$ cat target-v3.cif   # mmCIF, C-alpha atoms and all ligand atoms
data_start
#
loop_
_atom_site.label_atom_id
_atom_site.label_comp_id
_atom_site.auth_asym_id
_atom_site.auth_seq_id
_atom_site.Cartn_x
_atom_site.Cartn_y
_atom_site.Cartn_z
CA MET A 1 -19.99 44.75 -27.58
CA ARG A 2 -21.19 47.74 -29.57
CA ILE A 3 -19.15 50.86 -30.27
CA PHE A 4 -21.01 54.04 -31.24
CA TYR A 5 -19.52 56.96 -33.15
CA SER A 6 -20.10 59.08 -30.05
CA ASN A 7 -21.09 58.20 -26.52
CA PRO A 8 -22.23 60.89 -24.06
CA THR A 9 -23.22 58.29 -21.44
CA GLU A 10 -19.61 57.09 -21.20
CA GLN A 11 -18.60 60.71 -20.67
CA TYR A 12 -21.11 61.12 -17.84
CA LYS A 13 -19.90 57.91 -16.18
CA SER A 14 -16.27 59.06 -16.34
CA LYS A 15 -17.12 62.29 -14.49
CA LYS A 16 -20.11 61.02 -12.51
CA LYS A 17 -19.02 62.02 -9.01
CA GLN A 18 -18.32 65.65 -9.88
CA ILE A 19 -21.39 65.97 -12.09
CA ASP A 20 -23.75 64.43 -9.53
CA LYS A 21 -22.43 66.78 -6.85
CA SER A 22 -22.79 69.83 -9.06
CA ILE A 23 -26.42 68.90 -9.83
CA ARG A 24 -27.19 68.35 -6.13
CA ASP A 25 -25.72 71.74 -5.31
CA VAL A 26 -28.09 73.39 -7.77
CA LEU A 27 -31.07 71.46 -6.39
CA ASN A 28 -30.25 72.60 -2.86
CA GLY A 29 -29.41 76.15 -3.93
CA SER A 30 -31.60 79.20 -4.04
CA SER A 31 -31.64 80.16 -7.69
CA TYR A 32 -32.81 77.91 -10.51
CA ILE A 33 -32.79 80.46 -13.35
CA LEU A 34 -29.70 82.41 -14.47
CA GLY A 35 -28.03 81.74 -11.12
CA LYS A 36 -24.40 81.65 -10.13
CA ASN A 37 -23.59 78.62 -12.28
CA VAL A 38 -24.69 80.35 -15.48
CA GLN A 39 -22.80 83.50 -14.49
CA LYS A 40 -19.65 81.58 -13.58
CA PHE A 41 -19.83 79.37 -16.66
CA GLU A 42 -20.13 82.44 -18.88
CA ARG A 43 -16.99 83.87 -17.32
CA GLU A 44 -15.13 80.55 -17.53
CA LEU A 45 -16.10 80.02 -21.18
CA SER A 46 -15.01 83.49 -22.28
CA ASN A 47 -11.75 83.10 -20.34
CA TYR A 48 -11.14 79.79 -22.07
CA ILE A 49 -11.98 80.99 -25.60
CA GLY A 50 -10.21 84.31 -25.11
CA THR A 51 -13.07 86.75 -25.59
CA LYS A 52 -14.23 89.46 -23.21
CA TYR A 53 -17.86 88.38 -22.94
CA SER A 54 -20.00 85.28 -23.13
CA VAL A 55 -23.77 84.80 -22.81
CA GLY A 56 -25.44 81.45 -22.17
CA VAL A 57 -28.60 80.58 -24.14
CA ALA A 58 -30.93 77.60 -24.53
CA ASN A 59 -29.24 75.84 -27.47
CA GLY A 60 -26.88 76.29 -30.41
CA THR A 61 -29.59 77.11 -32.95
CA ASP A 62 -30.86 79.96 -30.75
CA ALA A 63 -27.27 81.18 -30.34
CA ILE A 64 -26.95 81.67 -34.11
CA GLU A 65 -30.40 83.23 -34.42
CA ILE A 66 -29.67 85.65 -31.57
CA ALA A 67 -26.28 86.56 -33.09
CA LEU A 68 -28.02 87.47 -36.35
CA ARG A 69 -30.71 89.45 -34.50
CA ALA A 70 -28.01 91.31 -32.58
CA PHE A 71 -26.91 92.66 -36.00
CA ASP A 72 -30.55 93.45 -36.88
CA ILE A 73 -30.44 90.95 -39.72
CA SER A 74 -33.94 90.14 -40.98
CA LYS A 75 -36.12 89.76 -44.08
CA GLY A 76 -34.48 91.09 -47.22
CA ASP A 77 -30.94 90.44 -45.95
CA GLU A 78 -28.65 87.67 -47.17
CA VAL A 79 -26.38 85.50 -45.02
CA ILE A 80 -23.68 83.43 -46.73
CA SER A 81 -23.00 79.95 -45.37
CA VAL A 82 -22.57 76.34 -46.47
CA SER A 83 -24.99 73.55 -47.30
CA HIS A 84 -22.61 70.96 -45.85
CA THR A 85 -23.48 71.56 -42.18
CA ALA A 86 -25.97 70.66 -39.47
CA LEU A 87 -29.50 71.73 -40.34
CA ALA A 88 -29.36 73.86 -37.17
CA SER A 89 -26.99 76.39 -38.77
CA ILE A 90 -29.38 77.16 -41.62
CA ALA A 91 -32.61 76.79 -39.60
CA ALA A 92 -31.29 79.64 -37.44
CA ILE A 93 -30.77 81.92 -40.45
CA VAL A 94 -34.23 81.11 -41.79
CA SER A 95 -35.86 81.89 -38.44
CA THR A 96 -34.71 85.52 -38.68
CA GLY A 97 -36.42 85.92 -42.06
CA ALA A 98 -33.07 86.42 -43.83
CA THR A 99 -32.18 84.40 -46.94
CA PRO A 100 -29.41 81.81 -46.63
CA VAL A 101 -27.06 81.94 -49.64
CA LEU A 102 -25.27 78.61 -49.59
CA ILE A 103 -21.93 77.94 -51.25
CA ASP A 104 -19.72 74.90 -51.74
CA VAL A 105 -17.08 73.48 -49.40
CA LYS A 106 -13.58 72.29 -50.20
CA LYS A 107 -13.54 68.57 -50.83
CA ASP A 108 -10.39 67.84 -48.84
CA ASP A 109 -11.15 69.44 -45.46
CA PHE A 110 -14.92 70.01 -45.78
CA THR A 111 -14.80 73.72 -44.77
CA ILE A 112 -16.20 76.72 -46.65
CA ASN A 113 -14.42 77.66 -49.90
CA ALA A 114 -13.35 81.24 -49.21
CA ASP A 115 -12.87 82.01 -52.93
CA LEU A 116 -16.57 81.42 -53.50
CA ILE A 117 -17.59 83.87 -50.76
CA LYS A 118 -16.52 86.91 -52.80
CA LYS A 119 -18.45 85.68 -55.84
CA ASN A 120 -21.63 85.51 -53.77
CA ILE A 121 -21.51 88.89 -52.04
CA THR A 122 -24.29 91.30 -53.05
CA LYS A 123 -25.62 94.57 -51.64
CA LYS A 124 -27.89 92.48 -49.45
CA THR A 125 -25.13 90.41 -47.83
CA LYS A 126 -24.96 91.22 -44.13
CA ALA A 127 -23.07 88.32 -42.57
CA ILE A 128 -21.09 85.16 -43.21
CA LEU A 129 -21.87 82.22 -40.95
CA VAL A 130 -18.60 80.27 -40.84
CA VAL A 131 -18.96 76.66 -39.70
CA HIS A 132 -15.84 74.96 -38.31
CA ILE A 133 -17.11 71.57 -39.39
CA TYR A 134 -16.01 68.39 -37.56
CA GLY A 135 -13.65 70.41 -35.33
CA LYS A 136 -11.54 71.82 -38.18
CA ALA A 137 -10.96 75.56 -38.56
CA ALA A 138 -12.15 77.28 -41.73
CA ASP A 139 -9.62 79.57 -43.51
CA MET A 140 -10.05 82.44 -41.06
CA ASN A 141 -7.28 84.64 -42.50
CA GLU A 142 -8.96 84.75 -45.90
CA ILE A 143 -12.42 85.11 -44.42
CA LEU A 144 -11.44 87.97 -42.10
CA LYS A 145 -9.86 89.81 -45.05
CA ILE A 146 -13.12 89.52 -46.99
CA SER A 147 -15.10 90.68 -43.97
CA LYS A 148 -12.98 93.81 -43.65
CA LYS A 149 -12.94 94.64 -47.34
CA PHE A 150 -16.71 94.33 -47.80
CA ASN A 151 -17.76 95.34 -44.27
CA ILE A 152 -19.63 92.11 -43.61
CA LYS A 153 -20.07 90.59 -40.14
CA ILE A 154 -18.52 87.24 -39.30
CA ILE A 155 -20.36 84.79 -37.09
CA GLU A 156 -18.38 81.68 -36.24
CA ASP A 157 -20.47 78.55 -35.65
CA VAL A 158 -18.20 76.74 -33.19
CA SER A 159 -20.73 74.05 -32.28
CA GLN A 160 -18.39 71.31 -33.53
CA ALA A 161 -15.10 72.91 -32.61
CA HIS A 162 -14.94 73.71 -28.90
CA GLY A 163 -11.25 73.66 -28.04
CA ALA A 164 -10.00 73.74 -31.63
CA LYS A 165 -7.41 76.34 -32.59
CA TYR A 166 -6.26 78.36 -35.59
CA ASN A 167 -2.79 79.92 -35.55
CA ASN A 168 -2.57 79.05 -31.86
CA LYS A 169 -5.78 80.91 -30.88
CA TYR A 170 -9.04 79.24 -29.93
CA LEU A 171 -11.80 79.23 -32.51
CA GLY A 172 -14.61 81.46 -31.39
CA SER A 173 -12.23 84.36 -30.80
CA PHE A 174 -12.01 85.45 -34.47
CA GLY A 175 -15.51 86.49 -35.49
CA ASP A 176 -17.63 89.47 -34.45
CA ILE A 177 -19.71 86.92 -32.56
CA SER A 178 -19.15 83.19 -32.11
CA THR A 179 -21.81 80.64 -31.23
CA PHE A 180 -21.68 77.31 -29.42
CA SER A 181 -24.01 74.35 -28.96
CA PHE A 182 -23.70 72.09 -25.92
CA TYR A 183 -25.83 69.29 -27.39
CA PRO A 184 -24.79 66.14 -25.47
CA THR A 185 -22.57 64.68 -28.23
CA LYS A 186 -20.52 67.84 -28.78
CA ASN A 187 -16.92 68.17 -27.60
CA LEU A 188 -18.30 70.18 -24.69
CA GLY A 189 -21.70 68.64 -24.10
CA ALA A 190 -24.45 69.20 -21.56
CA ILE A 191 -26.83 66.48 -20.40
CA GLY A 192 -29.64 68.15 -22.27
CA ASP A 193 -29.72 71.33 -24.34
CA GLY A 194 -27.46 74.35 -24.01
CA GLY A 195 -25.77 77.06 -26.03
CA ALA A 196 -23.70 80.24 -25.77
CA LEU A 197 -22.38 83.25 -27.66
CA CYS A 198 -18.97 84.89 -27.26
CA THR A 199 -17.87 88.37 -28.34
CA ASN A 200 -15.36 91.10 -27.53
CA ASN A 201 -17.95 93.83 -28.02
CA LEU A 202 -19.59 95.06 -24.79
CA LYS A 203 -22.58 96.65 -26.56
CA LEU A 204 -23.27 93.46 -28.50
CA SER A 205 -23.04 91.33 -25.36
CA GLU A 206 -25.55 93.59 -23.62
CA LYS A 207 -27.91 93.41 -26.58
CA ILE A 208 -27.58 89.62 -26.67
CA LYS A 209 -28.50 89.48 -22.98
CA LYS A 210 -31.60 91.54 -23.67
CA ILE A 211 -32.70 89.38 -26.60
CA ARG A 212 -32.17 86.27 -24.44
CA GLN A 213 -34.79 87.45 -21.98
CA TYR A 214 -37.82 89.16 -23.60
CA GLY A 215 -35.86 92.33 -24.38
CA TRP A 216 -35.41 93.18 -20.71
CA ASN A 217 -32.72 95.49 -19.42
CA LYS A 218 -31.31 95.16 -15.88
CA PHE A 219 -34.44 96.82 -14.50
CA ARG A 220 -36.78 94.44 -16.28
CA LYS A 221 -37.87 97.03 -18.76
CA ALA A 222 -38.09 95.86 -22.37
CA GLU A 223 -36.09 98.19 -24.58
CA ILE A 224 -36.10 95.92 -27.61
CA ILE A 225 -37.98 92.84 -28.77
CA GLY A 226 -36.63 89.63 -27.33
CA ARG A 227 -37.61 86.08 -26.54
CA ASN A 228 -36.86 83.45 -23.91
CA SER A 229 -33.65 81.53 -24.53
CA ARG A 230 -31.87 81.04 -21.21
CA LEU A 231 -29.11 78.54 -20.46
CA ASP A 232 -30.46 76.20 -17.79
CA GLU A 233 -28.78 76.43 -14.37
CA ILE A 234 -28.30 72.65 -14.01
CA GLN A 235 -26.78 72.40 -17.48
CA ALA A 236 -24.44 75.28 -16.66
CA ALA A 237 -23.31 73.45 -13.51
CA ILE A 238 -22.58 70.32 -15.57
CA LEU A 239 -20.77 72.33 -18.25
CA ARG A 240 -18.55 73.92 -15.59
CA VAL A 241 -17.37 70.45 -14.58
CA LYS A 242 -16.78 69.36 -18.17
CA LEU A 243 -15.04 72.54 -19.33
CA LYS A 244 -12.20 71.77 -16.89
CA HIS A 245 -11.59 68.49 -18.75
CA LEU A 246 -12.04 69.80 -22.29
CA ASN A 247 -8.38 70.15 -23.24
CA ASN A 248 -7.56 66.74 -21.90
CA ASP A 249 -10.55 65.25 -23.73
CA ILE A 250 -9.38 66.82 -26.98
CA LYS A 251 -5.90 65.35 -26.54
CA LYS A 252 -7.57 61.95 -26.35
CA ARG A 253 -9.55 62.65 -29.52
CA GLN A 254 -6.34 63.71 -31.30
CA LYS A 255 -4.62 60.53 -30.19
CA ILE A 256 -7.42 58.40 -31.64
CA ALA A 257 -7.37 60.40 -34.89
CA LEU A 258 -3.63 59.80 -35.26
CA ILE A 259 -4.12 56.06 -34.86
CA TYR A 260 -6.83 56.09 -37.54
CA LYS A 261 -4.59 58.09 -39.85
CA LYS A 262 -1.70 55.67 -39.40
CA LYS A 263 -3.53 52.37 -39.36
CA ILE A 264 -6.38 52.69 -41.82
CA ASN A 265 -4.72 52.19 -45.19
CA ASN A 266 -6.59 51.51 -48.36
CA LYS A 267 -6.86 53.08 -51.79
CA ASN A 268 -10.64 53.15 -51.37
CA ILE A 269 -10.38 55.43 -48.34
CA ILE A 270 -9.43 59.10 -48.15
CA HIS A 271 -8.59 60.59 -44.76
CA PRO A 272 -9.60 64.15 -43.88
CA LYS A 273 -6.99 66.83 -44.62
CA VAL A 274 -5.53 68.02 -41.33
CA GLN A 275 -3.03 70.90 -41.29
CA ASN A 276 -2.16 70.52 -37.64
CA PHE A 277 -3.18 67.59 -35.45
CA LYS A 278 -2.63 69.71 -32.34
CA GLU A 279 -5.19 72.34 -33.42
CA HIS A 280 -7.97 70.10 -34.78
CA ALA A 281 -10.58 69.22 -32.13
CA PHE A 282 -11.77 66.04 -33.91
CA HIS A 283 -15.42 66.33 -32.99
CA LEU A 284 -15.88 63.76 -35.76
CA TYR A 285 -13.43 61.66 -37.76
CA VAL A 286 -14.87 61.64 -41.26
CA LEU A 287 -13.53 59.41 -44.02
CA LYS A 288 -14.44 59.51 -47.68
CA VAL A 289 -14.95 55.93 -48.79
CA LYS A 290 -15.97 53.79 -51.75
CA LYS A 291 -18.93 51.44 -51.30
CA ARG A 292 -20.05 53.49 -48.30
CA ASP A 293 -23.39 51.86 -47.59
CA LYS A 294 -21.95 48.34 -47.76
CA LEU A 295 -19.13 49.36 -45.42
CA ILE A 296 -21.63 50.77 -42.92
CA LYS A 297 -23.57 47.50 -42.94
CA PHE A 298 -20.39 45.46 -42.55
CA LEU A 299 -19.25 47.56 -39.61
CA LYS A 300 -22.67 47.33 -37.98
CA LYS A 301 -22.53 43.55 -38.23
CA ASN A 302 -19.21 43.80 -36.40
CA GLY A 303 -20.67 45.97 -33.64
CA ILE A 304 -19.39 49.33 -34.92
CA ILE A 305 -22.10 51.95 -35.36
CA CYS A 306 -21.04 54.78 -37.67
CA GLY A 307 -22.77 58.02 -38.59
CA ILE A 308 -23.16 60.16 -41.71
CA HIS A 309 -22.75 63.90 -41.18
CA TYR A 310 -24.71 64.65 -43.28
CA PRO A 311 -26.62 62.41 -45.71
CA THR A 312 -28.73 65.22 -47.22
CA PRO A 313 -27.27 68.67 -47.93
CA ILE A 314 -29.50 71.46 -46.62
CA HIS A 315 -30.33 72.81 -50.11
CA LEU A 316 -31.89 69.42 -50.90
CA GLN A 317 -34.02 69.23 -47.73
CA PRO A 318 -37.68 69.39 -48.79
CA GLY A 319 -38.67 71.90 -46.12
CA TYR A 320 -35.83 74.31 -46.91
CA LYS A 321 -35.26 73.98 -50.66
CA SER A 322 -37.50 76.83 -51.69
CA ILE A 323 -36.10 79.49 -49.33
CA ILE A 324 -32.42 78.85 -49.97
CA LYS A 325 -30.49 80.72 -52.63
CA ILE A 326 -27.76 79.00 -54.61
CA ARG A 327 -25.84 80.69 -57.42
CA ASP A 328 -23.53 77.82 -58.45
CA LYS A 329 -23.91 74.09 -58.31
CA LEU A 330 -22.69 72.65 -54.98
CA LYS A 331 -20.67 69.86 -56.56
CA ASN A 332 -18.44 68.94 -53.63
CA THR A 333 -21.28 69.17 -51.12
CA GLU A 334 -23.45 66.81 -53.13
CA SER A 335 -20.75 64.23 -53.82
CA LEU A 336 -19.47 64.30 -50.21
CA SER A 337 -22.93 63.47 -48.90
CA LYS A 338 -22.67 60.15 -50.74
CA GLU A 339 -19.11 59.26 -49.69
CA ILE A 340 -18.63 60.31 -46.08
CA ILE A 341 -18.72 58.17 -42.97
CA SER A 342 -18.10 59.20 -39.34
CA ILE A 343 -16.24 56.49 -37.47
CA PRO A 344 -16.22 56.32 -33.64
CA ILE A 345 -14.29 59.02 -31.83
CA TYR A 346 -14.83 60.19 -28.27
CA PRO A 347 -12.47 60.69 -25.32
CA GLU A 348 -13.55 57.57 -23.43
CA LEU A 349 -13.06 55.24 -26.43
CA GLU A 350 -10.39 52.73 -25.40
CA ILE A 351 -7.34 52.33 -27.63
CA PHE A 352 -7.80 48.58 -28.07
CA LYS A 353 -11.21 49.32 -29.56
CA VAL A 354 -9.69 51.92 -31.89
CA ASN A 355 -7.21 49.32 -33.12
CA LYS A 356 -10.02 46.84 -33.62
CA ILE A 357 -11.98 49.37 -35.71
CA CYS A 358 -8.91 49.92 -37.93
CA LYS A 359 -8.52 46.19 -38.46
CA ILE A 360 -12.16 45.66 -39.35
CA ILE A 361 -12.24 48.57 -41.81
CA ASN A 362 -9.05 47.34 -43.50
CA LYS A 363 -10.53 43.85 -43.71
CA PHE A 364 -13.63 45.09 -45.58
CA TYR A 365 -11.84 46.12 -48.77
C1 LIG A 401 -25.06 71.00 -33.11
C2 LIG A 401 -24.91 72.11 -34.05
C3 LIG A 401 -25.62 73.31 -33.94
C4 LIG A 401 -26.65 73.63 -32.89
O1 LIG A 401 -27.43 72.61 -32.46
P1 LIG A 401 -28.46 72.68 -31.24
O2 LIG A 401 -29.06 71.33 -31.30
O3 LIG A 401 -29.44 73.75 -31.54
O4 LIG A 401 -27.73 72.95 -29.97
C5 LIG A 401 -25.34 74.32 -34.83
N1 LIG A 401 -24.41 74.17 -35.78
C6 LIG A 401 -23.69 73.04 -35.93
C7 LIG A 401 -22.65 72.96 -36.98
C8 LIG A 401 -23.93 71.96 -35.07
O5 LIG A 401 -23.20 70.84 -35.24
#

$ encode --input "target-v3.cif" --output "structure tokens" --more "lines below"
Ligand SMILES: *Cc1c(COP(=O)(O)O)cnc(C)c1O
Amino acid sequence: MRIFYSNPTEQYKSKKKQIDKSIRDVLNGSSYILGKNVQKFERELSNYIGTKYSVGVANGTDAIEIALRAFDISKGDEVISVSHTALASIAAIVSTGATPVLIDVKKDDFTINADLIKKNITKKTKAILVVHIYGKAADMNEILKISKKFNIKIIEDVSQAHGAKYNNKYLGSFGDISTFSFYPTKNLGAIGDGGALCTNNLKLSEKIKKIRQYGWNKFRKAEIIGRNSRLDEIQAAILRVKLKHLNNDIKKRQKIALIYKKKINNKNIIHPKVQNFKEHAFHLYVLKVKKRDKLIKFLKKNGIICGIHYPTPIHLQPGYKSIIKIRDKLKNTESLSKEIISIPIYPELEIFKVNKICKIINKFY
């Protein structure tokens, strides 16, 4: 028996009947591109998150790039974000021509250190890309204050935090624009690629729709420069099925996280800081551990396959090093990359397996 840190196949199997039917309906339908499933999913997603508008796109990287383009951010501009994130976040900034200015995260909850944002604002700063890493909200109160004071746009990268909350409101409803990935392992995952943007601003949502499709307006006239980044109709149909189960799935993730918190006890292990178990979406459960690489091998031998999110900070990636700007050393980011381990967490993971994982980790030290 092998247990993986995430398992999208198990998720498909648990919802197979509904998903298979929704795919068949698309196949037998009359519109394969931006059809009724994409339209309905966009409405359902914005209703869920609590924004007025939502636009489906091809993936989460495109969603961030399109958000930046909607603000006309390009070469010469700076976008503040973190190095402790998925490469996707920063690849999106780079693709607009803007310069990513990367700052350190807090070592206890892994999110952006809001105090460092102010220190890194220049005349060129146009936006802050806030990543709610692992399903945990960044300090939105502080960040929104900074955004107001300095007139800088906030883009929330919610790719790891579908269904997470902050002060009782869903993440993705705080920024000027929020972006989502539906990569299969995410809390809300397609069976292929998918992405979306949410906003309360009608003009922005219309501009995003144009950029998504060559720059076209409703009459297929290109008023601005765009590209092709459409959410696929079949993926939208699948996402509509899964969105209905999202809150229940997150409750299951929270339950697993609580068991880990209670049952994994060792001075060599530090649990993630969680302010509120009911608001954290636990996309990943990330421990800081001593002897990380030995632990990973030991767990693998026992059938438990863990992940590292992420082993190489973005500012140390060979392909990106030279275009990233860093003003201070990213001490926490660099030490975290050597200590973190993502242990299995997904809604279909049975509790007896969770207990077994706790036992095996405790046994190692
Ligand atoms: C998954 C992810 C993305 C986007 O990924 P895609 O593969 O392009 O859908 C962006 N940011 C973060 C933090 C992610 O985890």

$ closest_residue --input "target-v3.cif" --among "A:Thr51, A:Ser6, A:Ile19, A:Val130" --to "Ser205 in chain A" --atoms "all atoms listed in the file"
A:Thr51

$ closest_atom_pairs --input "target-v3.cif" --of "chain A" --to "ligand LIG 401 (chain A)" --cutoff "7 Å" --atoms "only C-alpha atoms and all ligand atoms" --output "tab-separated table"
residue	atom	partner	partner_atom	distance
A:Asn59	CA	A:LIG401	O4	4.1
A:Gly60	CA	A:LIG401	O4	3.5
A:Thr61	CA	A:LIG401	O3	3.6
A:Asp62	CA	A:LIG401	O3	6.4
A:Thr85	CA	A:LIG401	C7	5.4
A:Ala86	CA	A:LIG401	C7	4.7
A:Ala88	CA	A:LIG401	C5	4.7
A:Ser89	CA	A:LIG401	N1	4.5
A:Val131	CA	A:LIG401	C7	5.9
A:Ile133	CA	A:LIG401	C7	6.2
A:Asp157	CA	A:LIG401	N1	5.9
A:Val158	CA	A:LIG401	C7	7.0
A:Ser159	CA	A:LIG401	C8	4.7
A:Gln160	CA	A:LIG401	O5	5.1
A:Ser181	CA	A:LIG401	O4	4.1
A:Phe182	CA	A:LIG401	O4	5.8
A:Tyr183	CA	A:LIG401	O4	4.9
A:Asp193	CA	A:LIG401	O4	6.2
A:Gly194	CA	A:LIG401	O4	6.1
A:Gly195	CA	A:LIG401	O4	6.0

$ atom_distance --input "target-v3.cif" --atom1 "CA of Arg2 in chain A" --atom2 "CA of Ile305 in chain A"
7.2 Å

$ closest_residue --input "target-v3.cif" --among "A:Thr179, A:Asn151, A:Gln18, A:Thr9" --to "Leu68 in chain A" --atoms "all atoms listed in the file"
A:Thr179

$ atom_distance --input "target-v3.cif" --atom1 "CA of Lys267 in chain A" --atom2 "CA of Lys294 in chain A"
16.3 Å

$ atom_distance --input "target-v3.cif" --atom1 "CA of Lys221 in chain A" --atom2 "CA of Ile64 in chain A"
24.3 Å

$ closest_residue --input "target-v3.cif" --among "A:Lys21, A:Lys165, A:Arg220, A:Lys363" --to "Gly50 in chain A" --atoms "all atoms listed in the file"
A:Lys165

$ closest_atom_pairs --input "target-v3.cif" --of "range 175-294 of chain A" --to "range 69-77 of chain A" --cutoff "9 Å" --atoms "all atoms listed in the file" --output "CSV"
residue,atom,partner,partner_atom,distance
A:Leu204,CA,A:Ala70,CA,6.6
A:Ser205,CA,A:Ala70,CA,8.8
A:Lys207,CA,A:Ala70,CA,6.4
A:Ile208,CA,A:Ala70,CA,6.2
A:Ile211,CA,A:Ala70,CA,7.8

$ closest_residue --input "target-v3.cif" --among "A:Asn7, A:Ser173, A:Asn120, A:Asn113" --to "Leu45 in chain A" --atoms "all atoms listed in the file"
A:Ser173

$ closest_residue --input "target-v3.cif" --among "A:Val55, A:Ile93, A:Ile296, A:Val79" --to "Ser178 in chain A" --atoms "all atoms listed in the file"
A:Val55

$ residues_near_point --input "target-v3.cif" --point "(-14.3, 60.9, -49.5)" --cutoff "9 Å" --atoms "all atoms listed in the file" --output "ChimeraX atom specification"
/A:107-108,268-272,286-290,335-336,338-341

$ residues_around --input "target-v3.cif" --residues "Leu144 in chain A" --least-positions-apart "2" --cutoff "10 Å" --atoms "all atoms listed in the file" --output "PyMOL selection string"
chain A and resi 114+139-142+146-149+151-154+174-176

$ residues_around --input "target-v3.cif" --residues "Ile323 in chain A" --least-positions-apart "3" --cutoff "12 Å" --atoms "all atoms listed in the file" --output "list in words"
Lys75, Gly76, Glu78, Ile90, Ala91, Ile93, Val94, Ser95, Gly97, Ala98, Thr99, Pro100, Val101, Leu102, Ile314, His315, Leu316, Gln317, Pro318, Gly319, Tyr320 and Ile326 of chain A

$ axis_aligned_box --input "target-v3.cif" --around "range 253-268 of chain A" --padding-each-side "8 Å" --output "AutoDock Vina command-line options"
--center_x -6.2 --center_y 57.6 --center_z -40.7 --size_x 24.9 --size_y 28.2 --size_z 38.3

$ closest_residue --input "target-v3.cif" --among "A:Ser54, A:Leu349, A:Ile264, A:Gly226" --to "Asn362 in chain A" --atoms "all atoms listed in the file"
A:Ile264

$ residues_around --input "target-v3.cif" --residues "His162 in chain A" --least-positions-apart "6" --cutoff "9 Å" --atoms "only C-alpha atoms" --output "list in words"
Ile49, Gly135, Tyr170, Leu171, Gly172, Phe180, Lys186, Asn187, Leu188, Leu246, Ala281 and His283 of chain A

$ residues_around --input "target-v3.cif" --residues "Ser22 in chain A" --least-positions-apart "3" --cutoff "8 Å" --atoms "all atoms listed in the file" --output "PyMOL selection string"
chain A and resi 18-19+25-26+234+237-238+241

$ write_last_selection --input "target-v3.cif" --atoms "C-alpha atoms" --output "tab-separated table (two decimals), in the frame of the given file"
chain	number	residue	atom	x	y	z
A	18	GLN	CA	-18.32	65.65	-9.88
A	19	ILE	CA	-21.39	65.97	-12.09
A	25	ASP	CA	-25.72	71.74	-5.31
A	26	VAL	CA	-28.09	73.39	-7.77
A	234	ILE	CA	-28.30	72.65	-14.01
A	237	ALA	CA	-23.31	73.45	-13.51
A	238	ILE	CA	-22.58	70.32	-15.57
A	241	VAL	CA	-17.37	70.45	-14.58

$ residues_near_point --input "target-v3.cif" --point "(-14.9, 59.8, -20.2)" --cutoff "6 Å" --atoms "only C-alpha atoms" --output "list of chain:residue names"
A:Glu10, A:Gln11, A:Ser14, A:Pro347, A:Glu348

$ residues_around --input "target-v3.cif" --residues "Phe282 in chain A" --least-positions-apart "3" --cutoff "12 Å" --atoms "all atoms listed in the file" --output "number ranges by chain"
A: 5-6, 132-137, 160-165, 186-187, 247, 249-258, 260, 272-274, 276-279, 285-286, 342-347
